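Right, one structure below, let's go through it.
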Amino acid sequence: LKLQFLYLIVHYITTMLASNINAPPLTVQSSSQRDKLKEEAKPIVRRELGPLGDGEVEWFCGSLGLSRRYFTSVAATDVAKHTMLMFAAKFRARVSDSNLQLDIADEGNGQAIYICPSKEFGVKDTKALLQSASARIEDRIQQLYLDEVWSSNAPQGKAGQSAEASRSDQIQTKPGSELAGTGYVVEDFRSAGEVAPNVPTKVRLYVVQRPSYPLVQKGDTSLRSVACSQFLHFIPPEHFGEYSTLLDRAERSNGCVVDYTMPQEEDWTEHSLHNEEQDIVLRVAHRRGTTHSFYSSCSALYRVLGLRSRVKAMWPFKNGVDVQTIWLYPIEPLSYAELKAKVIALTHHISLSYILPNTSLTKMVSTQQLGAGEHAYAYCALMFASHFLTLRPDEQDTAYAYKASLVPDMDAVQARMLKMRLRQHMLTEPRLADAVLRHPHIVKKLHAQFEKIHAPWSKFDPRQEAGGLTGCYDDDLAKEIVRSVPNEVNQRVLLSFLDFNRYVLKTNFFNRDRNVLSFRLNPKCLDGDEFPVCPHGIFFVVGSVFRGFHIRFKDVSRGGIRLIRSGNEQAYATNAATLLEENYALAFTQQKKNKDIPEGGSKGTILLALGHQDKGHVAFDQYIDGLLDLILPHDTMRDFLGGEEMLFFGPDEGTADKMDRAAQRARHRGYRLWKAATTGKSIAMGGIPHDTYGMTTRSVHQYVLGFYRKLELDEKSITKLQTGGPDGDLGSNEILISQDKTIGIVDGSGVLYDPKGLHRDELNRLAQARQMVKHFNQSMLSSEGYFVGVDEVDRKLPDGSVIPSGLLFRNTFHLNEKVQGDLFVPCGGRPESINSTNVQRLFDKANPRFKIVVEGANLFLTQPARQVLEKAGVHLVKDASANKGGVTSSSLEVFTALALEDAQYRELMTAQINTAPDKMPAFYQSYVQEVQTRVEENARMEFECLWAEWQRTKRPMSELTDVISAKINNLNDAIQSSALWDDMDFRQQVLSRYIPKTLLDKQGLPKIMSMVPESYLRSIFGAYLAAQYVYSRGPNASEFEFFNYITEVKYGKQAKL
């Protein structure tokens, strides 16, 4: 055996020396840097391989034909290591008398080297391309180093291990991370030469390493101040300007930007593909952590177009931008025009891949069933179908009939929940995607029609067609779908794509440098049975890590943006199935709530993708960009809506800390109303924080105090249960503003309960510190009191009962049969926490366990549940009345931002972020006090109106809230469209009554009227008159009463607001 082994070694050495002597000629010119590295590497390799080492280095640096760029990016030790790895693979093949297996993976210590064969597949060899060694390695690099994985999680395997042997099973995302650490440098080189004359295989070499950054002088703002050393060694200084421009565009776009450099047309010949000096240089930049699967998806895109990379590099910059540069060549001779067309198509495909890098339809691009643009269109249309496609009446009737046999008294909410669950099972995304997967030829035609209508270069004008854009329905294509698609569900899915095409009024689909795909939809796309009141506008946004909507009920509307996270796959499926319905319900509730302010109701929702629950900031930023794309003018966007749109956003679940960045982004993008774009901003941006000044709580508590007055109750004797803890806005301020005997508080940490009453001073301490109830000093509990955390299991309570799950106990504590009191104030919790299926748990036999319910949290109770409670004698005020203090404050925050010039705004409304309230500018303090007064007065007036109408009619207050809201909103619309607005003296009189005195005295009415958009002033005019009239006269007052009311206002008899 020893003799055989020695013979094999001698045979291998002589064969390899011969192959090196007879190697093919170099494909690139020699360089001093390559020669220098070669000579420095030889002694290193010689120590390991003896006399054979020099020949191996000569072969690796010469005949293998690596790009000259390789030798500008590595050290001699790297050349030596790569040479010996190649030698090991060749030696193993010789000794085992087997084919050469170039499958080398050396991973560990934050770096990796991969060497694999690189075959020249044809454009049509899609299966081979997808399964190639380089594709598998790039997927692995993506997974281990580039997709939100922090450096501490990179493989720490031993040198020389195979890819499978060193595979890490502990790859995890750092909890709460928004950006993937500092990123990794990835460099990839394809050889021009082959391994040996008898081994006609080219190789691809990947080098992965952590970036190193050179020391820079203070104040240096050049490219060198943010670039890693690897980039500075790789790219000649004369090209730094190109990268500076690219980085600037990436930072401004907040997404992906692509540019390229073509070879000179006069130098291009059919033989240029063999000359690396004639390569196309493609540069791609994007913010780190804002997408996923992007590195590997870019490779798939250029391979499909018949292009290959000779060299590819990814560099992370210190400003959070990753730059990928790819040196490309065609695999077959092309004319210059053909080559340029492919490159332009590639740039478009890459920008779309950044937005949708990995969907349920992505493989259709790799297999060339769909182009990248067709894939992006198909996925967005599929998402449209998943939300807007409704069940047929016979499908609903069958389900309802079955359910009715089980629940004879099924109400509207139960029916809606049933319909939602039925849609979840029948219209799942995989089921809908089947229509696209089976019929790509139809999808191509649907995309062509979409492009015909919405592409900026299209000459087709649907406004000249019968019925306009909504009448632009391709009947011939619809007939083809019905005729050629045998499955009825697939038919309906593809027909809904035609609806999508005609209901889109504006889209950024064809814009440059976009980072999401957004669509302004005609609200007529909503099913009238499911959504009885048609909103003013719907925005639909699709990104790499989320999807979302924005719905508003009036041209001038305001409402919060809600970030929706999902704890598991089932929760995500439910959230996805109900996203549109929840958004509509929230916006409609906001419309009712906003009755006495100028803005109508709106709401935005952002549903994070299941695998990207830590990407809240990324999703929010891209969502805002998508909306701005549609309201800012753009040359490459066809606008079938016409006219300016104004959007105002506010905080909601998961976005309270993001209002500043939205306003800053709007300013950066050139939105002229940027100061008013968001509310709930920090004081540094001129915001009036609801939590600091207790705006929402001031409204909620006025209804509580109203009940105390009418029922002659002593607040200090009232026992109260509260959901939403001292760490939140409403919860903390409810504790601080009240003087009751609080017996229970439920928050994210668990349940705090004491039937003897929780220690008031200790509660105040938590509220002032914004700490959860788990931090309550439990020594201050009575013998019957307890705290149960959400993580606890099998917890024994003072009464001897055992709680199996603290989480379940927390989620249902408001329904606990042992808890009862005078007052229940939900200050937090998920929508529909109390509904018709569980409302009976709020009763002790026939007696309700709470006498008063003031719904501080949005949609905490369903309307049928409210009616059950009120029928049993519970005094209840619903969210649309109680929880309106925040919107009143936000509206006046918007107004001052509109009425002040930028310099005034900075002087009068802003301060350092940690400035105490009593140190704010005098104007700010006075204005905020007026806002607080307005919030309380609005709440008091509505409560008195509700109470009077309830006493008169005995209708449930929850119904009267809707009656009053509808009356005010309808009257508002009528006033705005009437001739009253044309009376300039009366207009000025009404506006003067509405505008807070602090602002009116400072700015003066003429200046304010010149600064604020007329549509907004008209909304103020209508909202003020309508609300004051209904609150003072009741919702059933006659037209004659309204005439008397207007007369009183004109002649000064109506009291000021």
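Ordering of the structure tokens sets the chain letters (A, B, ...); residue numbers start at 1 within each chain; ligands are numbered from 1 in the order shown.
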
Do you know which residues are at most 12 Å from range 793-800 of chain A counting only C-alpha atoms, after dropping those on the same chain fewer than 3 positions away, and could you put them as a compact mmCIF listing (two decimals) with C-alpha atoms, in the first residue's frame?
# COMPACT_ATOMS: atom_id res chain seq x y z
CA VAL A 751 -52.13 40.63 35.44
CA LEU A 752 -51.97 42.74 38.62
CA TYR A 753 -55.04 42.33 40.83
CA ASP A 754 -56.13 43.15 44.35
CA PRO A 755 -59.83 43.22 45.30
CA LEU A 781 -50.59 43.88 47.85
CA SER A 782 -53.16 42.60 50.32
CA SER A 783 -53.38 38.92 51.22
CA GLU A 784 -55.87 38.47 48.36
CA GLY A 785 -53.79 40.32 45.77
CA TYR A 786 -51.41 38.84 43.19
CA PHE A 787 -49.39 39.38 40.05
CA VAL A 788 -49.34 36.63 37.39
CA GLY A 789 -46.75 37.03 34.63
CA VAL A 790 -47.37 35.90 31.05
CA ILE A 803 -53.41 29.05 36.62
CA PRO A 804 -52.02 26.64 33.97
CA SER A 805 -50.91 29.42 31.59
CA GLY A 806 -50.10 32.99 32.57
CA LEU A 807 -50.42 34.07 28.93
CA LEU A 808 -53.95 32.71 28.55
CA PHE A 809 -54.86 34.11 31.97
CA ARG A 810 -53.71 37.56 30.86
CA LYS A 818 -64.20 36.41 39.78

Residues within 12 Å of Val963 in chain A, only C-alpha atoms, excluding chain neighbours under 2 positions, as an mmCIF file with C-alpha atoms, in the first residue's frame:
data_model
loop_
_atom_site.group_PDB
_atom_site.id
_atom_site.type_symbol
_atom_site.label_atom_id
_atom_site.label_comp_id
_atom_site.auth_asym_id
_atom_site.auth_seq_id
_atom_site.Cartn_x
_atom_site.Cartn_y
_atom_site.Cartn_z
ATOM 1 C CA LYS A 592 -66.985 58.722 13.155
ATOM 2 C CA LYS A 593 -64.483 59.826 15.771
ATOM 3 C CA LYS A 595 -66.678 64.300 13.426
ATOM 4 C CA ALA A 880 -65.720 56.623 18.541
ATOM 5 C CA SER A 881 -66.888 59.029 21.247
ATOM 6 C CA GLU A 942 -70.650 65.215 23.153
ATOM 7 C CA CYS A 945 -75.584 65.470 23.841
ATOM 8 C CA LEU A 946 -75.451 61.684 24.174
ATOM 9 C CA GLU A 949 -80.613 61.973 23.583
ATOM 10 C CA TRP A 950 -80.407 58.722 25.584
ATOM 11 C CA ARG A 955 -81.687 54.108 22.506
ATOM 12 C CA PRO A 956 -78.295 52.562 23.368
ATOM 13 C CA MET A 957 -75.566 55.184 23.595
ATOM 14 C CA SER A 958 -73.390 53.078 21.288
ATOM 15 C CA GLU A 959 -76.027 53.579 18.585
ATOM 16 C CA LEU A 960 -76.440 57.248 19.398
ATOM 17 C CA THR A 961 -72.721 57.792 18.865
ATOM 18 C CA SER A 965 -71.448 61.093 13.952
ATOM 19 C CA ALA A 966 -73.535 60.556 10.837
ATOM 20 C CA LYS A 967 -75.529 63.729 11.460
ATOM 21 C CA ILE A 968 -72.398 65.851 11.935
ATOM 22 C CA ASN A 969 -70.558 64.334 8.968
ATOM 23 C CA ASN A 970 -73.534 64.671 6.615
ATOM 24 C CA VAL A 1030 -75.579 69.069 16.613
ATOM 25 C CA TYR A 1031 -74.046 69.240 20.098
ATOM 26 C CA GLY A 1034 -79.303 67.449 19.148
ATOM 27 C CA PRO A 1035 -79.198 65.085 16.152
ATOM 28 C CA ASN A 1036 -82.895 65.476 15.311
#

_Residue contacts of Ile975 in chain A (10 Å, only C-alpha atoms) excluding same-chain residues fewer than 6 positions away, as a list in words_ = Asn969, Trp981, Arg1018, Ser1019, Phe1021, Gly1022, Ala1023, Leu1025 and Ala1026 of chain A

Requested write-out: N, CA, C and O atoms of the selected residues, as a PDB file, in the first residue's frame:
ATOM      1  N   ASN A 969     -71.301  64.518  10.220  1.00  0.00           N
ATOM      2  CA  ASN A 969     -70.558  64.334   8.968  1.00  0.00           C
ATOM      3  C   ASN A 969     -71.398  64.713   7.749  1.00  0.00           C
ATOM      4  O   ASN A 969     -70.908  65.352   6.815  1.00  0.00           O
ATOM      5  N   TRP A 981     -70.093  79.136   2.418  1.00  0.00           N
ATOM      6  CA  TRP A 981     -68.647  79.341   2.298  1.00  0.00           C
ATOM      7  C   TRP A 981     -68.319  80.597   1.490  1.00  0.00           C
ATOM      8  O   TRP A 981     -67.280  81.235   1.711  1.00  0.00           O
ATOM      9  N   ARG A1018     -61.890  75.034   4.251  1.00  0.00           N
ATOM     10  CA  ARG A1018     -63.292  74.699   3.998  1.00  0.00           C
ATOM     11  C   ARG A1018     -63.742  73.570   4.932  1.00  0.00           C
ATOM     12  O   ARG A1018     -64.884  73.583   5.427  1.00  0.00           O
ATOM     13  N   SER A1019     -62.835  72.620   5.177  1.00  0.00           N
ATOM     14  CA  SER A1019     -63.160  71.531   6.095  1.00  0.00           C
ATOM     15  C   SER A1019     -63.354  72.053   7.517  1.00  0.00           C
ATOM     16  O   SER A1019     -64.228  71.576   8.250  1.00  0.00           O
ATOM     17  N   PHE A1021     -64.408  75.031   8.330  1.00  0.00           N
ATOM     18  CA  PHE A1021     -65.666  75.770   8.286  1.00  0.00           C
ATOM     19  C   PHE A1021     -66.856  74.817   8.469  1.00  0.00           C
ATOM     20  O   PHE A1021     -67.742  75.044   9.313  1.00  0.00           O
ATOM     21  N   GLY A1022     -66.871  73.739   7.692  1.00  0.00           N
ATOM     22  CA  GLY A1022     -67.993  72.802   7.771  1.00  0.00           C
ATOM     23  C   GLY A1022     -68.022  72.036   9.071  1.00  0.00           C
ATOM     24  O   GLY A1022     -69.091  71.850   9.683  1.00  0.00           O
ATOM     25  N   ALA A1023     -66.859  71.556   9.522  1.00  0.00           N
ATOM     26  CA  ALA A1023     -66.802  70.734  10.730  1.00  0.00           C
ATOM     27  C   ALA A1023     -67.205  71.534  11.964  1.00  0.00           C
ATOM     28  O   ALA A1023     -67.934  71.035  12.835  1.00  0.00           O
ATOM     29  N   LEU A1025     -69.143  74.332  12.242  1.00  0.00           N
ATOM     30  CA  LEU A1025     -70.562  74.654  12.266  1.00  0.00           C
ATOM     31  C   LEU A1025     -71.412  73.413  12.528  1.00  0.00           C
ATOM     32  O   LEU A1025     -72.364  73.457  13.326  1.00  0.00           O
ATOM     33  N   ALA A1026     -71.085  72.300  11.867  1.00  0.00           N
ATOM     34  CA  ALA A1026     -71.891  71.085  12.020  1.00  0.00           C
ATOM     35  C   ALA A1026     -71.816  70.546  13.443  1.00  0.00           C
ATOM     36  O   ALA A1026     -72.842  70.188  14.042  1.00  0.00           O
TER      37      ALA A1026
END

*Would you mind reading off the distance between CA of Lys444 in chain A and CA of Arg547 in chain A, one decimal, in Å?*
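CA of Arg547 in chain A lies at a distance of 23.4 Å from CA of Lys444 in chain A.
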
*Between CA of Met772 in chain A and CA of Thr696 in chain A, what is the spacing in Å?*
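Atom-to-atom, CA of Thr696 in chain A to CA of Met772 in chain A, that is 19.4 Å.
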
*Using DSSP on the backbone coordinates, identify the residues of range 800-1008 of chain A assigned to strand (DSSP E); present them as a ChimeraX atom specification.*
/A:802-805,821-826,843-844,847-848,850-854,875-877

Go ahead and write the residues just picked, C-alpha atoms, as a compact mmCIF listing (two decimals), in the first residue's frame.
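The file below, again28.txt, is the result:
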# COMPACT_ATOMS: atom_id res chain seq x y z
CA VAL A 802 -54.11 27.17 39.86
CA ILE A 803 -53.41 29.05 36.62
CA PRO A 804 -52.02 26.64 33.97
CA SER A 805 -50.91 29.42 31.59
CA GLY A 821 -66.42 46.35 39.81
CA ASP A 822 -68.16 49.63 39.11
CA LEU A 823 -66.10 50.70 36.10
CA PHE A 824 -64.25 49.00 33.25
CA VAL A 825 -61.95 51.16 31.12
CA PRO A 826 -60.17 49.30 28.28
CA PHE A 843 -72.32 38.55 33.53
CA ASP A 844 -72.80 36.96 36.93
CA ASN A 847 -76.22 40.69 36.39
CA PRO A 848 -73.42 42.50 34.55
CA PHE A 850 -69.45 46.14 35.57
CA LYS A 851 -71.92 49.04 35.78
CA ILE A 852 -70.04 51.48 33.54
CA VAL A 853 -67.85 50.79 30.49
CA VAL A 854 -65.92 53.58 28.79
CA HIS A 875 -73.85 52.61 30.95
CA LEU A 876 -71.48 52.43 27.98
CA VAL A 877 -69.69 54.90 25.73
